[in-house]
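For reference, protein.tsv is printed below; it contains TSV, C-alpha atoms.
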chain	number	residue	atom	x	y	z
A	178	MET	CA	0.00	0.00	0.00
A	179	ILE	CA	1.32	3.44	-0.96
A	180	GLN	CA	1.88	5.72	2.04
A	181	LEU	CA	0.13	9.08	1.63
A	182	GLU	CA	1.29	12.32	3.17
A	183	ALA	CA	-0.86	14.99	4.85
A	184	ASP	CA	-1.78	16.54	1.47
A	185	GLY	CA	-3.39	13.30	0.30
A	186	ALA	CA	-0.64	12.35	-2.16
A	187	PRO	CA	2.51	10.25	-1.68
A	188	ALA	CA	6.03	11.63	-1.42
A	189	PRO	CA	7.84	12.43	-4.69
A	190	GLY	CA	8.66	9.28	-6.61
A	191	ILE	CA	7.46	6.76	-9.18
A	192	TYR	CA	4.61	4.46	-8.23
A	193	GLU	CA	2.58	1.61	-9.63
A	194	ALA	CA	-1.02	2.29	-8.67
A	195	PRO	CA	-4.48	1.75	-10.19
A	196	TYR	CA	-6.04	4.78	-11.81
A	197	PRO	CA	-8.75	5.38	-9.15
A	198	GLU	CA	-6.07	5.54	-6.45
A	199	TYR	CA	-3.95	7.89	-8.56
A	200	ALA	CA	-6.98	10.11	-9.26
A	201	SER	CA	-7.57	10.52	-5.52
A	202	TRP	CA	-4.14	12.08	-4.92
A	203	ARG	CA	-4.51	15.83	-4.38
A	204	ALA	CA	-1.90	17.31	-6.68
A	205	ALA	CA	-1.79	19.38	-9.85
A	206	ASN	CA	-1.82	17.46	-13.13
A	207	ALA	CA	-1.96	18.24	-16.83
A	208	SER	CA	-5.69	17.73	-17.33
A	209	THR	CA	-6.50	19.93	-14.33
A	210	LEU	CA	-4.15	22.67	-15.48
A	211	ASP	CA	-5.11	22.72	-19.16
A	212	PRO	CA	-8.31	24.83	-18.82
A	213	TYR	CA	-6.36	27.27	-16.62
A	214	PHE	CA	-4.41	28.23	-19.73
A	215	ARG	CA	-7.66	29.61	-21.14
A	216	SER	CA	-8.45	31.44	-17.90
A	217	ALA	CA	-8.50	30.84	-14.15
A	218	ALA	CA	-12.31	30.98	-14.26
A	219	HIS	CA	-12.41	28.15	-16.82
A	220	GLY	CA	-9.96	26.11	-14.79
A	221	HIS	CA	-11.94	26.54	-11.58
A	222	TYR	CA	-15.19	25.67	-13.34
A	223	GLU	CA	-13.76	22.44	-14.75
A	224	GLU	CA	-12.44	21.48	-11.31
A	225	THR	CA	-15.79	22.03	-9.63
A	226	HIS	CA	-17.96	20.61	-12.45
A	227	PRO	CA	-16.31	17.33	-13.55
A	228	SER	CA	-17.83	15.91	-16.71
A	229	ALA	CA	-19.11	12.36	-17.07
A	230	GLU	CA	-17.12	9.91	-19.19
A	231	THR	CA	-18.19	9.89	-22.83
A	232	SER	CA	-18.44	6.78	-25.02
A	233	ALA	CA	-15.27	7.87	-26.84
A	234	GLN	CA	-13.42	8.12	-23.51
A	235	SER	CA	-14.78	4.73	-22.47
A	236	LEU	CA	-13.39	3.20	-25.65
A	237	GLY	CA	-10.07	4.99	-25.12
A	238	THR	CA	-9.79	3.61	-21.59
A	239	ALA	CA	-10.50	0.09	-22.79
A	240	ALA	CA	-8.06	0.40	-25.69
A	241	HIS	CA	-5.33	1.67	-23.36
A	242	ALA	CA	-5.73	-1.37	-21.15
A	243	ALA	CA	-5.88	-3.80	-24.09
A	244	ILE	CA	-2.72	-2.34	-25.65
A	245	LEU	CA	-0.61	-1.52	-22.59
A	246	GLU	CA	-1.87	-4.02	-20.01
A	247	PRO	CA	-3.53	-6.94	-21.82
A	248	GLU	CA	-3.67	-9.08	-18.68
A	249	ARG	CA	-5.51	-6.34	-16.79
A	250	PHE	CA	-7.85	-5.90	-19.75
A	251	GLU	CA	-8.79	-9.58	-19.64
A	252	ARG	CA	-9.22	-9.43	-15.89
A	253	GLU	CA	-11.09	-6.16	-15.42
A	254	PHE	CA	-13.09	-5.49	-18.60
A	255	VAL	CA	-16.21	-7.44	-19.55
A	256	ARG	CA	-18.54	-7.03	-22.49
A	257	MET	CA	-22.23	-6.49	-21.91
A	258	PRO	CA	-24.15	-9.43	-23.43
A	259	ALA	CA	-27.34	-9.00	-25.42
A	260	PHE	CA	-30.33	-9.85	-23.24
A	261	GLY	CA	-33.07	-9.57	-25.85
A	262	GLU	CA	-35.63	-6.78	-26.04
A	263	PRO	CA	-34.21	-4.12	-23.65
A	264	LEU	CA	-37.63	-2.73	-22.65
A	265	ARG	CA	-39.01	-6.08	-21.50
A	266	LYS	CA	-38.84	-7.03	-17.84
A	267	PRO	CA	-36.80	-10.27	-18.26
A	268	ALA	CA	-34.13	-8.41	-20.25
A	269	LYS	CA	-34.00	-5.59	-17.69
A	270	LEU	CA	-33.66	-8.10	-14.84
A	271	ALA	CA	-30.93	-10.05	-16.65
A	272	ALA	CA	-28.97	-6.85	-17.32
A	273	LEU	CA	-29.34	-5.77	-13.67
A	274	ASN	CA	-28.10	-9.15	-12.42
A	275	PHE	CA	-25.16	-9.02	-14.82
A	276	ARG	CA	-24.14	-5.59	-13.52
A	277	ARG	CA	-24.41	-6.77	-9.94
A	278	ALA	CA	-22.26	-9.82	-10.68
A	279	ASN	CA	-19.60	-7.64	-12.31
A	280	GLU	CA	-19.75	-4.54	-10.13
A	281	ASP	CA	-16.00	-4.72	-9.52
A	282	LYS	CA	-15.26	-4.67	-13.26
A	283	SER	CA	-15.56	-2.20	-16.14
A	284	ILE	CA	-18.56	-3.15	-18.26
A	285	ILE	CA	-18.34	-2.01	-21.86
A	286	THR	CA	-20.40	-2.74	-24.93
A	287	ALA	CA	-19.58	-5.70	-27.14
A	288	SER	CA	-18.65	-3.24	-29.88
A	289	GLU	CA	-16.22	-1.36	-27.61
A	290	TYR	CA	-14.67	-4.65	-26.46
A	291	GLU	CA	-14.03	-5.82	-30.03
A	292	GLN	CA	-12.79	-2.37	-31.09
A	293	ALA	CA	-10.25	-2.34	-28.27
A	294	LEU	CA	-8.87	-5.69	-29.43
A	295	THR	CA	-8.70	-4.74	-33.11
A	296	MET	CA	-7.00	-1.45	-32.19
A	297	ARG	CA	-4.42	-3.48	-30.27
A	298	ASP	CA	-3.89	-5.67	-33.34
A	299	ALA	CA	-3.37	-2.57	-35.49
A	300	ILE	CA	-0.78	-1.20	-33.07
A	301	MET	CA	1.12	-4.48	-33.04
A	302	ALA	CA	1.09	-4.59	-36.85
A	303	HIS	CA	2.85	-1.20	-37.01
A	304	ALA	CA	6.63	-1.74	-36.88
A	305	SER	CA	7.65	1.34	-34.87
A	306	ALA	CA	4.70	1.18	-32.48
A	307	ARG	CA	5.39	-2.50	-31.84
A	308	GLU	CA	9.08	-1.83	-31.15
A	309	ILE	CA	8.21	0.93	-28.68
A	310	LEU	CA	5.73	-1.27	-26.83
A	311	LYS	CA	8.37	-3.99	-26.54
A	312	ALA	CA	11.19	-1.60	-25.56
A	313	LYS	CA	12.82	-1.98	-22.15
A	314	GLY	CA	10.86	0.10	-19.68
A	315	VAL	CA	7.66	0.34	-17.64
A	316	LYS	CA	4.01	1.05	-18.44
A	317	GLU	CA	1.25	2.90	-16.60
A	318	ARG	CA	3.37	4.51	-13.90
A	319	CYS	CA	2.38	7.39	-11.62
A	320	LEU	CA	4.94	10.13	-10.99
A	321	VAL	CA	4.80	12.64	-8.13
A	322	TRP	CA	7.14	15.62	-7.76
A	323	ILE	CA	7.44	19.08	-6.22
A	324	ASP	CA	7.42	21.94	-8.72
A	325	PRO	CA	10.70	23.82	-8.17
A	326	GLU	CA	9.18	27.26	-8.90
A	327	PHE	CA	5.93	27.15	-6.93
A	328	GLY	CA	6.74	24.43	-4.41
A	329	ILE	CA	3.45	22.56	-4.92
A	330	LYS	CA	2.97	18.85	-5.37
A	331	CYS	CA	2.38	17.69	-8.95
A	332	LYS	CA	1.51	14.36	-10.53
A	333	MET	CA	1.14	12.54	-13.82
A	334	ARG	CA	0.26	9.07	-15.06
A	335	VAL	CA	2.45	8.11	-17.97
A	336	ASP	CA	1.71	5.36	-20.48
A	337	ILE	CA	5.30	4.29	-21.17
A	338	LEU	CA	8.76	5.16	-19.82
A	339	ALA	CA	11.37	3.31	-21.81
A	340	VAL	CA	14.66	3.30	-23.68
A	341	TRP	CA	14.26	2.96	-27.45
A	342	ASN	CA	17.05	3.13	-30.05
A	343	GLY	CA	19.37	4.44	-27.35
A	344	TYR	CA	17.08	7.30	-26.27
A	345	LYS	CA	15.06	7.73	-23.10
A	346	ILE	CA	11.47	8.19	-24.20
A	347	ILE	CA	8.11	9.13	-22.73
A	348	VAL	CA	5.21	7.72	-24.72
A	349	ASP	CA	1.57	8.80	-24.76
A	350	LEU	CA	-0.95	6.52	-26.46
A	351	LYS	CA	-4.02	8.26	-27.89
A	352	THR	CA	-7.10	7.23	-29.82
A	353	THR	CA	-8.17	9.51	-32.63
A	354	ARG	CA	-10.45	9.80	-35.63
A	355	ASP	CA	-7.53	10.53	-37.99
A	356	ALA	CA	-3.90	9.50	-37.39
A	357	ARG	CA	-2.46	11.32	-40.40
A	358	ALA	CA	0.21	13.95	-39.68
A	359	GLN	CA	-1.84	17.02	-40.65
A	360	ALA	CA	-4.82	15.93	-38.57
A	361	VAL	CA	-2.60	15.12	-35.60
A	362	SER	CA	-0.93	18.54	-35.87
A	363	ARG	CA	-4.31	20.27	-35.75
A	364	ALA	CA	-5.42	18.14	-32.82
A	365	MET	CA	-2.23	18.94	-30.91
A	366	TYR	CA	-3.05	22.64	-30.73
A	367	LYS	CA	-6.78	22.11	-30.33
A	368	PHE	CA	-6.42	19.78	-27.35
A	369	GLY	CA	-3.14	21.09	-25.92
A	370	TYR	CA	-1.11	17.94	-26.44
A	371	HIS	CA	2.08	20.01	-26.47
A	372	ARG	CA	1.28	21.32	-22.98
A	373	ALA	CA	0.72	17.80	-21.65
A	374	ALA	CA	3.94	16.61	-23.29
A	375	SER	CA	5.87	19.43	-21.65
A	376	TRP	CA	4.28	18.63	-18.28
A	377	TYR	CA	5.38	15.02	-18.60
A	378	THR	CA	8.96	15.92	-19.51
A	379	GLN	CA	9.09	18.49	-16.69
A	380	GLY	CA	7.96	15.95	-14.10
A	381	ALA	CA	10.29	13.22	-15.30
A	382	GLY	CA	13.14	15.74	-15.39
A	383	VAL	CA	12.62	16.78	-11.77
A	384	LEU	CA	12.73	13.17	-10.57
A	385	SER	CA	15.52	12.07	-12.91
A	386	PRO	CA	17.34	14.82	-14.82
A	387	GLY	CA	18.34	14.07	-18.40
A	388	ASP	CA	17.28	14.42	-22.00
A	389	ARG	CA	14.16	12.60	-23.16
A	390	LYS	CA	12.18	12.34	-26.34
A	391	PHE	CA	8.40	12.59	-26.20
A	392	ILE	CA	6.53	10.29	-28.57
A	393	HIS	CA	2.84	10.02	-29.38
A	394	ILE	CA	1.31	6.82	-30.70
A	395	PHE	CA	-2.05	7.55	-32.33
A	396	VAL	CA	-4.47	4.79	-33.28
A	397	GLU	CA	-7.73	5.45	-35.09
A	398	SER	CA	-10.87	4.33	-33.29
A	399	ASP	CA	-12.61	3.28	-36.52
A	400	PRO	CA	-11.51	0.42	-38.81
A	401	PRO	CA	-9.05	-0.18	-40.29
A	402	HIS	CA	-7.47	1.59	-37.28
A	403	GLY	CA	-4.67	3.57	-38.90
A	404	VAL	CA	-1.62	4.14	-36.69
A	405	GLY	CA	0.78	7.09	-36.56
A	406	VAL	CA	3.94	7.50	-34.47
A	407	TYR	CA	5.22	11.05	-34.01
A	408	GLU	CA	8.00	12.67	-31.99
A	409	MET	CA	7.16	16.04	-30.42
A	410	ASN	CA	9.66	18.57	-31.73
A	411	GLN	CA	11.63	20.85	-29.43
A	412	ASP	CA	9.87	24.05	-30.49
A	413	ASP	CA	6.48	22.62	-29.55
A	414	LEU	CA	7.83	21.37	-26.21
A	415	ILE	CA	9.18	24.86	-25.47
A	416	LEU	CA	5.83	26.41	-26.41
A	417	GLY	CA	4.08	23.85	-24.21
A	418	TYR	CA	6.44	24.68	-21.35
A	419	ASP	CA	5.68	28.40	-21.56
A	420	GLU	CA	1.94	27.78	-21.73
A	421	ILE	CA	1.83	25.26	-18.89
A	422	ARG	CA	3.78	27.66	-16.66
A	423	VAL	CA	1.11	30.31	-17.31
A	424	ALA	CA	-1.60	27.79	-16.43
A	425	LEU	CA	0.24	26.66	-13.30
A	426	ALA	CA	0.72	30.25	-12.11
A	427	ARG	CA	-3.02	30.87	-12.48
A	428	TYR	CA	-3.80	27.60	-10.70
A	429	VAL	CA	-1.57	28.45	-7.74
A	430	HIS	CA	-2.81	32.05	-7.49
A	431	GLY	CA	-6.44	30.97	-7.72
A	432	HIS	CA	-6.12	28.32	-5.04
A	433	LYS	CA	-4.28	30.72	-2.72
A	434	THR	CA	-6.56	33.73	-3.16
A	435	GLY	CA	-9.92	32.35	-4.29
A	436	HIS	CA	-9.85	34.62	-7.37
What's the structure tokens form of this structure?
Amino acid sequence: MIQLEADGAPAPGIYEAPYPEYASWRAANASTLDPYFRSAAHGHYEETHPSAETSAQSLGTAAHAAILEPERFEREFVRMPAFGEPLRKPAKLAALNFRRANEDKSIITASEYEQALTMRDAIMAHASAREILKAKGVKERCLVWIDPEFGIKCKMRVDILAVWNGYKIIVDLKTTRDARAQAVSRAMYKFGYHRAASWYTQGAGVLSPGDRKFIHIFVESDPPHGVGVYEMNQDDLILGYDEIRVALARYVHGHKTGH
């Protein structure tokens, strides 16, 4: 069991922990900070009004597990069977009993279950993606550190930390509608992927100084599940660094002052 400190998060370090436990740690992370780059008001609103998981996010979670932790996928994810006419009482009762019997697991639709597996197959059929997944390193690790400028506790959950072709790499696996380079470039600025990448490299650098490459693996959610592997260039990491520092300053000021 991971020992937590008074702030609700463990001491700085690298941990292996399930996502719900990681999510409970009270520390700044990339997804919390991202809306603060727009404004402190947007950041505060997102913190106090968490959104429900969408079907796309549900598929992404399942795909992550199938690709990065296949044993956990088999153990923790189950597909919802078809119980006949959903409005009829026997079907409703069967579905309720199924949920009760699997309340400790993630129940996804049969379509999502099959998609997760075919997305995994597509990743493993892509030479570079397959090499990265098999590279020496660790998957699904939680990092905690103290930001050297503001002195607050920070966290991240990284998909892969590894050594590939002689380079230390941080890898983020993402599902997408279009894995082509132009579409990925547009998505990067739309969704702030460069800020998240900078956050990851900052955190890893505080715990273990040294140069690292940041790599995205994109896999399309729809068949035939195209795959793209892209390295974040230095200019985008620098831009992400500047933007995430703005967001972090707003986050710290807002939490200290209430503004």
Let me know the centre plus edge lengths, in Å and rounded to one decimal, of a box with edges along x, y and z that contains all listed atoms of region 293-302 of chain A and is padded by 3 Å on every side, as JSON.
{"center_x": -4.6, "center_y": -3.4, "center_z": -32.6, "size_x": 17.4, "size_y": 10.5, "size_z": 14.6}
- Item | CA of Asp349 (chain A) to CA of Asp336 (chain A), distance in Å rounded to a single decimal |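 Going from CA of Asp349 (chain A) over to CA of Asp336 (chain A) covers 5.5 Å.
You can rank A:Ile284, A:Ala205, A:Leu245, A:Ala183 by their closest distance to Trp322 (chain A) using all atoms listed in the file, and at the top of that list sits A:Ala205.
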- Have a look at A:Lys351, A:His371, A:Arg318, A:Lys345 and name the one nearest to Pro386 (chain A); count all atoms listed in the file.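 Between A:Lys351, A:His371, A:Arg318, A:Lys345, the residue approaching Pro386 (chain A) most closely is A:Lys345.
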- CA of Asp298 (chain A) and CA of Gln359 (chain A) are how many Å apart? 23.9 Å
- May I ask which of the residues A:Arg334, A:Met301, A:Phe395, A:Asp388 is the closest one to Pro197 (chain A), counting all atoms listed in the file? A:Arg334
- Message: If we count all atoms listed in the file and set the cut-off at 8 Å, which residues sit around Phe254 (chain A), ignoring sequence neighbours fewer than 3 positions away in its own chain? Please answer as a list in words.
- Response: Ala239, Arg249, Phe250, Glu251, Lys282, Ser283, Ile284 and Ile285 of chain A
